[in-house]
There are 2 protein chains.
Amino acid sequence: MNLEEKTKHTTSIYEGKIIDLDVVDVELPDGRAGKREVVRHPGAVAIIAVTEEEKLVLVKQYRKPLGKEIYEIPAGKKEAGEEPKLTASRELAEETGYVANEMELLFSTYTSPGFADELIELYEAKGLSQGERSLDEDEFVEVIEVSLAEAEGLIKEGLIHDAKTVLAVQHLRLQTFR
Amino acid sequence: MNLEEKTKHTTSIYEGKIIDLDVVDVELPDGRAGKREVVRHPGAVAIIAVTEEEKLVLVKQYRKPLGKEIYEIPAGKKEAGEEPKLTASRELAEETGYVANEMELLFSTYTSPGFADELIELYEAKGLSQGERSLDEDEFVEVIEVSLAEAEGLIKEGLIHDAKTVLAVQHLRLQTFR
């Protein structure tokens, strides 16, 4: 069965700093008309950084959509003309001060395929050394370092509460069995 | 350090079928002004359903934001006035025909905390039996059942490509070690 939904017309509702919003008139697989709301996002990179002391590097950030602070792995949106691997290295350094020798792409996932095209690439930072932080002017971020067991505790408490960070913690726990 | 971003003014850009979009003028922690784009979403439930034959139930769906078909665990948005557990049972039955004896909440994660408030609650369906499918009029979904190893293969191929389904597969793999 062909499940494709053909675009009939796209209405641009909003073009913003980080996201755009389109409403797309589609032809459904049975020929009827439908409407899809689509948030366009440049995509993001997120970084699993584990220190020599086997601590996972997290950043504490206030997230306006949630109205609260959560602990996340370092991340940032992709920049046009910059290789994602470089974006990952740059964001890690800017947010945490850690410089990585190497960035390895682990996997990528769409965060909300029902309404957004945001794809997050998950990187593993290798060979960390200390550098200097330099945050964007509207970024306010605290750095903490936790053991894997502590990270799992933060998930239970709801302080780690976002998909990419839970994915990262699960990934690290799976590594301990391999 | 208090990282809160106080709302100064909210502009409603769009109110849609599934999402709304607001632009929020905020006061940053250092007192300066900032802007945040916030997608409002009612939240969603997603269901890990494993059959008696130890197969994970997936649905194949065309996702307009991605422009392609992917395999996901069954999911649906929360409905006002309906208990999320019931939404999970209902969505599982509608999309796959499976009826669950019991739904257990495993954990919840925000999908895109940088720009959206969508929270997904992940449920485990217990005691599956066969019922009848009844899709929404704009839903076109195929059901497949795969082993855990096959699901991991689908991740490698990019056919499972969304965060909630990778979370589910990693969760199931972690269970095999416990």
# chains A, B, ... in the order shown; residues from 1 in each chain; ligands from 1
>>> interface_residues(of="chain B", to="chain A", cutoff="8 Å", atoms="only C-alpha atoms", output="ChimeraX atom specification")
/B:3-5,13-14,16-19,28-29,34,36-40,61-69,108-117,138,140-141,161-164,166-167,170-171,173-174,177
>>> select_by_dssp(residues="segment 56-159 of chain B", states="strand (DSSP E or B)", output="PDB file with N, CA and C atoms, in the first residue's frame")
ATOM      1  N   LEU B  56       7.396  -7.342  18.867  1.00  0.00           N
ATOM      2  CA  LEU B  56       7.009  -5.953  19.142  1.00  0.00           C
ATOM      3  C   LEU B  56       6.074  -5.475  18.031  1.00  0.00           C
ATOM      4  N   VAL B  57       4.952  -4.877  18.426  1.00  0.00           N
ATOM      5  CA  VAL B  57       3.961  -4.405  17.458  1.00  0.00           C
ATOM      6  C   VAL B  57       4.326  -2.986  17.000  1.00  0.00           C
ATOM      7  N   LEU B  58       4.519  -2.836  15.683  1.00  0.00           N
ATOM      8  CA  LEU B  58       4.860  -1.527  15.110  1.00  0.00           C
ATOM      9  C   LEU B  58       3.809  -1.120  14.081  1.00  0.00           C
ATOM     10  N   VAL B  59       3.696   0.175  13.855  1.00  0.00           N
ATOM     11  CA  VAL B  59       2.840   0.658  12.786  1.00  0.00           C
ATOM     12  C   VAL B  59       3.687   1.432  11.778  1.00  0.00           C
ATOM     13  N   LYS B  60       3.386   1.162  10.498  1.00  0.00           N
ATOM     14  CA  LYS B  60       4.081   1.856   9.426  1.00  0.00           C
ATOM     15  C   LYS B  60       3.184   3.002   8.982  1.00  0.00           C
ATOM     16  N   GLN B  61       3.736   4.208   8.948  1.00  0.00           N
ATOM     17  CA  GLN B  61       2.936   5.395   8.715  1.00  0.00           C
ATOM     18  C   GLN B  61       3.720   6.375   7.868  1.00  0.00           C
ATOM     19  N   TYR B  62       3.039   7.062   6.974  1.00  0.00           N
ATOM     20  CA  TYR B  62       3.669   8.158   6.238  1.00  0.00           C
ATOM     21  C   TYR B  62       3.639   9.387   7.121  1.00  0.00           C
ATOM     22  N   ARG B  63       4.790   9.997   7.334  1.00  0.00           N
ATOM     23  CA  ARG B  63       4.845  11.193   8.166  1.00  0.00           C
ATOM     24  C   ARG B  63       5.157  12.389   7.287  1.00  0.00           C
ATOM     25  N   LYS B  68       8.334  10.784   4.391  1.00  0.00           N
ATOM     26  CA  LYS B  68       8.605   9.355   4.190  1.00  0.00           C
ATOM     27  C   LYS B  68       7.832   8.510   5.195  1.00  0.00           C
ATOM     28  N   GLU B  69       7.819   7.194   4.918  1.00  0.00           N
ATOM     29  CA  GLU B  69       7.183   6.246   5.834  1.00  0.00           C
ATOM     30  C   GLU B  69       8.207   5.764   6.856  1.00  0.00           C
ATOM     31  N   ILE B  70       7.781   5.680   8.105  1.00  0.00           N
ATOM     32  CA  ILE B  70       8.643   5.059   9.122  1.00  0.00           C
ATOM     33  C   ILE B  70       7.815   4.092   9.959  1.00  0.00           C
ATOM     34  N   TYR B  71       8.525   3.228  10.673  1.00  0.00           N
ATOM     35  CA  TYR B  71       7.896   2.273  11.591  1.00  0.00           C
ATOM     36  C   TYR B  71       7.995   2.833  12.997  1.00  0.00           C
ATOM     37  N   GLU B  72       6.862   2.917  13.672  1.00  0.00           N
ATOM     38  CA  GLU B  72       6.836   3.466  15.027  1.00  0.00           C
ATOM     39  C   GLU B  72       6.029   2.557  15.949  1.00  0.00           C
ATOM     40  N   ALA B  75       0.913   5.135  18.826  1.00  0.00           N
ATOM     41  CA  ALA B  75       0.885   6.352  19.640  1.00  0.00           C
ATOM     42  C   ALA B  75      -0.298   7.209  19.230  1.00  0.00           C
ATOM     43  N   GLY B  76      -0.622   8.153  20.075  1.00  0.00           N
ATOM     44  CA  GLY B  76      -1.698   9.081  19.742  1.00  0.00           C
ATOM     45  C   GLY B  76      -1.674  10.237  20.698  1.00  0.00           C
ATOM     46  N   LYS B  77      -2.320  11.324  20.299  1.00  0.00           N
ATOM     47  CA  LYS B  77      -2.293  12.482  21.201  1.00  0.00           C
ATOM     48  C   LYS B  77      -3.326  12.325  22.306  1.00  0.00           C
ATOM     49  N   TYR B  98      -5.070  -4.779  18.706  1.00  0.00           N
ATOM     50  CA  TYR B  98      -4.756  -5.472  19.961  1.00  0.00           C
ATOM     51  C   TYR B  98      -5.434  -4.794  21.154  1.00  0.00           C
ATOM     52  N   VAL B  99      -6.021  -5.625  22.002  1.00  0.00           N
ATOM     53  CA  VAL B  99      -6.633  -5.135  23.234  1.00  0.00           C
ATOM     54  C   VAL B  99      -5.733  -5.537  24.391  1.00  0.00           C
ATOM     55  N   ALA B 100      -5.418  -4.564  25.261  1.00  0.00           N
ATOM     56  CA  ALA B 100      -4.541  -4.850  26.399  1.00  0.00           C
ATOM     57  C   ALA B 100      -5.371  -5.008  27.664  1.00  0.00           C
ATOM     58  N   ASN B 101      -4.964  -5.961  28.488  1.00  0.00           N
ATOM     59  CA  ASN B 101      -5.576  -6.156  29.797  1.00  0.00           C
ATOM     60  C   ASN B 101      -5.245  -5.014  30.730  1.00  0.00           C
ATOM     61  N   GLU B 102      -4.004  -4.517  30.575  1.00  0.00           N
ATOM     62  CA  GLU B 102      -3.492  -3.543  31.525  1.00  0.00           C
ATOM     63  C   GLU B 102      -2.472  -2.657  30.822  1.00  0.00           C
ATOM     64  N   MET B 103      -2.435  -1.384  31.209  1.00  0.00           N
ATOM     65  CA  MET B 103      -1.441  -0.448  30.685  1.00  0.00           C
ATOM     66  C   MET B 103      -0.620   0.067  31.866  1.00  0.00           C
ATOM     67  N   GLU B 104       0.700  -0.131  31.779  1.00  0.00           N
ATOM     68  CA  GLU B 104       1.557   0.345  32.865  1.00  0.00           C
ATOM     69  C   GLU B 104       2.410   1.507  32.358  1.00  0.00           C
ATOM     70  N   LEU B 105       2.376   2.642  33.069  1.00  0.00           N
ATOM     71  CA  LEU B 105       3.212   3.786  32.692  1.00  0.00           C
ATOM     72  C   LEU B 105       4.663   3.484  33.043  1.00  0.00           C
ATOM     73  N   LEU B 106       5.544   3.547  32.038  1.00  0.00           N
ATOM     74  CA  LEU B 106       6.972   3.299  32.279  1.00  0.00           C
ATOM     75  C   LEU B 106       7.691   4.596  32.645  1.00  0.00           C
ATOM     76  N   PHE B 107       7.633   5.578  31.748  1.00  0.00           N
ATOM     77  CA  PHE B 107       8.199   6.901  32.035  1.00  0.00           C
ATOM     78  C   PHE B 107       7.673   7.882  30.983  1.00  0.00           C
ATOM     79  N   SER B 108       7.968   9.153  31.179  1.00  0.00           N
ATOM     80  CA  SER B 108       7.546  10.162  30.206  1.00  0.00           C
ATOM     81  C   SER B 108       8.750  11.008  29.815  1.00  0.00           C
ATOM     82  N   THR B 109       8.757  11.498  28.580  1.00  0.00           N
ATOM     83  CA  THR B 109       9.838  12.398  28.148  1.00  0.00           C
ATOM     84  C   THR B 109       9.282  13.516  27.268  1.00  0.00           C
ATOM     85  N   TYR B 110       9.874  14.708  27.420  1.00  0.00           N
ATOM     86  CA  TYR B 110       9.611  15.791  26.487  1.00  0.00           C
ATOM     87  C   TYR B 110      10.376  15.494  25.208  1.00  0.00           C
ATOM     88  N   ALA B 116       9.148  23.049  22.024  1.00  0.00           N
ATOM     89  CA  ALA B 116       7.796  22.477  22.135  1.00  0.00           C
ATOM     90  C   ALA B 116       7.560  21.916  23.528  1.00  0.00           C
ATOM     91  N   LEU B 119       4.847  16.323  25.699  1.00  0.00           N
ATOM     92  CA  LEU B 119       5.319  15.282  26.617  1.00  0.00           C
ATOM     93  C   LEU B 119       4.736  13.953  26.147  1.00  0.00           C
ATOM     94  N   ILE B 120       5.598  12.955  25.966  1.00  0.00           N
ATOM     95  CA  ILE B 120       5.110  11.619  25.595  1.00  0.00           C
ATOM     96  C   ILE B 120       5.193  10.707  26.800  1.00  0.00           C
ATOM     97  N   GLU B 121       4.068  10.085  27.128  1.00  0.00           N
ATOM     98  CA  GLU B 121       4.065   9.059  28.171  1.00  0.00           C
ATOM     99  C   GLU B 121       4.204   7.700  27.500  1.00  0.00           C
ATOM    100  N   LEU B 122       5.169   6.935  27.975  1.00  0.00           N
ATOM    101  CA  LEU B 122       5.430   5.629  27.381  1.00  0.00           C
ATOM    102  C   LEU B 122       4.795   4.533  28.251  1.00  0.00           C
ATOM    103  N   TYR B 123       3.898   3.761  27.657  1.00  0.00           N
ATOM    104  CA  TYR B 123       3.182   2.704  28.376  1.00  0.00           C
ATOM    105  C   TYR B 123       3.620   1.325  27.891  1.00  0.00           C
ATOM    106  N   GLU B 124       3.534   0.372  28.810  1.00  0.00           N
ATOM    107  CA  GLU B 124       3.722  -1.022  28.429  1.00  0.00           C
ATOM    108  C   GLU B 124       2.355  -1.704  28.476  1.00  0.00           C
ATOM    109  N   ALA B 125       1.962  -2.311  27.357  1.00  0.00           N
ATOM    110  CA  ALA B 125       0.677  -3.015  27.275  1.00  0.00           C
ATOM    111  C   ALA B 125       0.865  -4.439  27.774  1.00  0.00           C
ATOM    112  N   LYS B 126      -0.012  -4.871  28.649  1.00  0.00           N
ATOM    113  CA  LYS B 126       0.118  -6.234  29.189  1.00  0.00           C
ATOM    114  C   LYS B 126      -1.127  -7.052  28.877  1.00  0.00           C
ATOM    115  N   GLY B 127      -0.924  -8.346  28.626  1.00  0.00           N
ATOM    116  CA  GLY B 127      -2.051  -9.243  28.370  1.00  0.00           C
ATOM    117  C   GLY B 127      -2.790  -8.900  27.095  1.00  0.00           C
ATOM    118  N   LEU B 128      -2.070  -9.009  25.955  1.00  0.00           N
ATOM    119  CA  LEU B 128      -2.674  -8.647  24.663  1.00  0.00           C
ATOM    120  C   LEU B 128      -3.633  -9.713  24.166  1.00  0.00           C
ATOM    121  N   SER B 129      -4.763  -9.287  23.605  1.00  0.00           N
ATOM    122  CA  SER B 129      -5.616 -10.206  22.854  1.00  0.00           C
ATOM    123  C   SER B 129      -6.094  -9.508  21.585  1.00  0.00           C
ATOM    124  N   GLN B 130      -6.523 -10.278  20.602  1.00  0.00           N
ATOM    125  CA  GLN B 130      -6.910  -9.718  19.302  1.00  0.00           C
ATOM    126  C   GLN B 130      -8.301  -9.104  19.345  1.00  0.00           C
ATOM    127  N   VAL B 141      -2.472   3.342   8.178  1.00  0.00           N
ATOM    128  CA  VAL B 141      -1.459   2.700   8.991  1.00  0.00           C
ATOM    129  C   VAL B 141      -1.408   1.208   8.671  1.00  0.00           C
ATOM    130  N   GLU B 142      -0.178   0.676   8.503  1.00  0.00           N
ATOM    131  CA  GLU B 142      -0.012  -0.776   8.380  1.00  0.00           C
ATOM    132  C   GLU B 142       0.635  -1.311   9.644  1.00  0.00           C
ATOM    133  N   VAL B 143       0.252  -2.510  10.045  1.00  0.00           N
ATOM    134  CA  VAL B 143       0.789  -3.102  11.267  1.00  0.00           C
ATOM    135  C   VAL B 143       1.822  -4.155  10.912  1.00  0.00           C
ATOM    136  N   ILE B 144       2.987  -4.126  11.591  1.00  0.00           N
ATOM    137  CA  ILE B 144       3.934  -5.233  11.455  1.00  0.00           C
ATOM    138  C   ILE B 144       4.406  -5.648  12.841  1.00  0.00           C
ATOM    139  N   GLU B 145       4.850  -6.889  12.942  1.00  0.00           N
ATOM    140  CA  GLU B 145       5.339  -7.393  14.224  1.00  0.00           C
ATOM    141  C   GLU B 145       6.747  -7.919  14.018  1.00  0.00           C
ATOM    142  N   VAL B 146       7.671  -7.463  14.873  1.00  0.00           N
ATOM    143  CA  VAL B 146       9.082  -7.814  14.688  1.00  0.00           C
ATOM    144  C   VAL B 146       9.703  -8.264  16.006  1.00  0.00           C
TER     145      VAL B 146
END
>>> closest_residue(among="B:Ile47, B:Gln175, B:Lys55, B:Leu148", to="Pro84 of chain B", atoms="only C-alpha atoms")
B:Ile47
>>> select_by_dssp(residues="segment 14-168 of chain B", states="alpha helix (DSSP H)", output="tab-separated table (two decimals) with C-alpha atoms, in the first residue's frame")
chain	number	residue	atom	x	y	z
B	84	PRO	CA	-4.03	8.90	29.37
B	85	LYS	CA	-4.11	5.19	30.23
B	86	LEU	CA	-7.44	4.88	28.42
B	87	THR	CA	-6.09	6.87	25.47
B	88	ALA	CA	-3.20	4.40	25.28
B	89	SER	CA	-5.60	1.41	25.29
B	90	ARG	CA	-7.85	3.04	22.73
B	91	GLU	CA	-5.04	4.05	20.35
B	92	LEU	CA	-3.46	0.59	20.54
B	93	ALA	CA	-6.80	-1.04	19.70
B	94	GLU	CA	-7.68	1.43	16.93
B	95	GLU	CA	-4.29	1.27	15.20
B	96	THR	CA	-3.40	-2.40	15.66
B	148	LEU	CA	13.72	-7.29	19.22
B	149	ALA	CA	16.73	-8.11	17.01
B	150	GLU	CA	14.70	-7.19	13.91
B	151	ALA	CA	13.70	-3.89	15.56
B	152	GLU	CA	17.37	-3.13	16.19
B	153	GLY	CA	18.04	-3.89	12.53
B	154	LEU	CA	15.30	-1.45	11.50
B	155	ILE	CA	17.02	1.27	13.57
B	156	LYS	CA	20.29	0.62	11.71
B	157	GLU	CA	18.46	0.85	8.37
B	163	ALA	CA	12.92	9.01	19.34
B	164	LYS	CA	10.01	7.28	21.11
B	165	THR	CA	10.47	4.05	19.16
B	166	VAL	CA	14.24	3.97	19.72
B	167	LEU	CA	13.53	4.65	23.43
B	168	ALA	CA	11.15	1.67	23.39
>>> atom_distance(atom1="atom CA of Leu159 of chain A", atom2="atom CA of Ile73 of chain A")
12.1 Å
>>> atom_distance(atom1="atom CA of Val50 of chain B", atom2="atom CA of Lys78 of chain B")
22.1 Å
>>> decode(residues="segment 24-134 of chain A", atoms="C-alpha atoms", output="compact mmCIF listing (two decimals), in the first residue's frame")
# COMPACT_ATOMS: atom_id res chain seq x y z
CA VAL A 24 0.15 21.77 4.13
CA ASP A 25 -2.94 20.74 2.18
CA VAL A 26 -2.43 17.11 1.21
CA GLU A 27 -4.12 14.42 -0.81
CA LEU A 28 -4.59 11.40 1.47
CA PRO A 29 -3.88 7.87 0.17
CA ASP A 30 -7.61 7.35 -0.52
CA GLY A 31 -7.80 10.54 -2.61
CA ARG A 32 -9.54 12.69 -0.02
CA ALA A 33 -8.17 16.04 1.16
CA GLY A 34 -6.36 16.53 4.47
CA LYS A 35 -4.34 19.16 6.32
CA ARG A 36 -1.01 18.72 8.10
CA GLU A 37 0.66 21.18 10.45
CA VAL A 38 4.43 21.03 9.95
CA VAL A 39 7.08 22.71 12.08
CA ARG A 40 10.36 23.13 10.17
CA HIS A 41 13.53 23.00 12.23
CA PRO A 42 17.15 23.02 11.00
CA GLY A 43 17.94 19.87 13.00
CA ALA A 44 20.19 19.49 15.98
CA VAL A 45 23.22 17.72 17.34
CA ALA A 46 23.50 16.30 20.87
CA ILE A 47 26.64 15.05 22.54
CA ILE A 48 27.36 12.19 24.94
CA ALA A 49 30.50 13.32 26.75
CA VAL A 50 31.93 11.05 29.44
CA THR A 51 34.91 12.34 31.42
CA GLU A 52 38.02 10.36 32.44
CA GLU A 53 36.36 9.94 35.84
CA GLU A 54 33.46 8.17 34.04
CA LYS A 55 31.06 11.04 34.65
CA LEU A 56 28.44 12.07 32.10
CA VAL A 57 28.51 15.81 31.36
CA LEU A 58 25.06 17.44 31.63
CA VAL A 59 23.84 21.01 31.33
CA LYS A 60 21.08 22.46 33.47
CA GLN A 61 18.91 24.82 31.48
CA TYR A 62 15.60 26.62 31.88
CA ARG A 63 13.31 25.53 29.06
CA LYS A 64 10.60 28.08 28.41
CA PRO A 65 8.20 25.61 26.71
CA LEU A 66 8.25 23.46 29.89
CA GLY A 67 8.43 26.35 32.36
CA LYS A 68 11.15 24.56 34.32
CA GLU A 69 14.83 23.67 34.51
CA ILE A 70 15.97 20.25 33.32
CA TYR A 71 19.29 18.47 32.95
CA GLU A 72 20.20 17.56 29.38
CA ILE A 73 23.18 16.37 27.42
CA PRO A 74 24.80 19.31 25.58
CA ALA A 75 23.08 20.08 22.28
CA GLY A 76 22.60 22.76 19.71
CA LYS A 77 20.93 23.39 16.41
CA LYS A 78 22.69 22.74 13.14
CA GLU A 79 24.14 25.74 11.34
CA ALA A 80 24.00 26.19 7.58
CA GLY A 81 27.43 25.62 6.08
CA GLU A 82 28.89 23.97 9.17
CA GLU A 83 29.55 20.23 9.28
CA PRO A 84 27.34 18.65 12.03
CA LYS A 85 30.43 17.06 13.59
CA LEU A 86 31.99 20.51 13.97
CA THR A 87 28.73 21.90 15.37
CA ALA A 88 28.81 19.12 17.97
CA SER A 89 32.41 19.95 18.94
CA ARG A 90 31.67 23.66 19.05
CA GLU A 91 28.48 23.32 21.13
CA LEU A 92 30.18 20.99 23.60
CA ALA A 93 33.04 23.45 24.07
CA GLU A 94 30.79 26.52 24.29
CA GLU A 95 28.36 25.01 26.80
CA THR A 96 30.70 22.93 28.96
CA GLY A 97 34.29 23.97 28.23
CA TYR A 98 35.21 20.42 27.22
CA VAL A 99 37.15 19.95 24.01
CA ALA A 100 36.81 16.59 22.24
CA ASN A 101 39.53 14.91 20.22
CA GLU A 102 36.96 13.13 18.09
CA MET A 103 33.21 13.08 17.55
CA GLU A 104 31.59 9.80 16.51
CA LEU A 105 28.03 9.74 15.14
CA LEU A 106 26.05 7.07 17.02
CA PHE A 107 22.59 7.42 15.45
CA SER A 108 19.95 10.01 14.60
CA THR A 109 16.26 10.25 15.52
CA TYR A 110 13.33 12.46 14.62
CA THR A 111 11.97 13.98 17.81
CA SER A 112 8.29 14.53 16.89
CA PRO A 113 7.55 13.03 13.47
CA GLY A 114 3.84 13.82 13.77
CA PHE A 115 4.28 17.58 13.54
CA ALA A 116 7.98 18.47 13.15
CA ASP A 117 10.92 17.59 10.92
CA GLU A 118 13.57 18.09 13.63
CA LEU A 119 16.25 15.40 13.38
CA ILE A 120 18.74 15.02 16.23
CA GLU A 121 22.11 13.47 15.55
CA LEU A 122 23.59 11.86 18.64
CA TYR A 123 27.40 12.03 18.91
CA GLU A 124 29.85 10.46 21.29
CA ALA A 125 32.70 12.77 22.28
CA LYS A 126 36.06 11.06 22.64
CA GLY A 127 39.26 12.20 24.30
CA LEU A 128 37.93 15.08 26.41
CA SER A 129 40.18 17.84 27.68
CA GLN A 130 39.39 21.07 29.53
CA GLY A 131 38.99 24.25 27.53
CA GLU A 132 37.00 27.42 28.09
CA ARG A 133 33.25 28.07 27.99
CA SER A 134 31.74 30.78 25.79
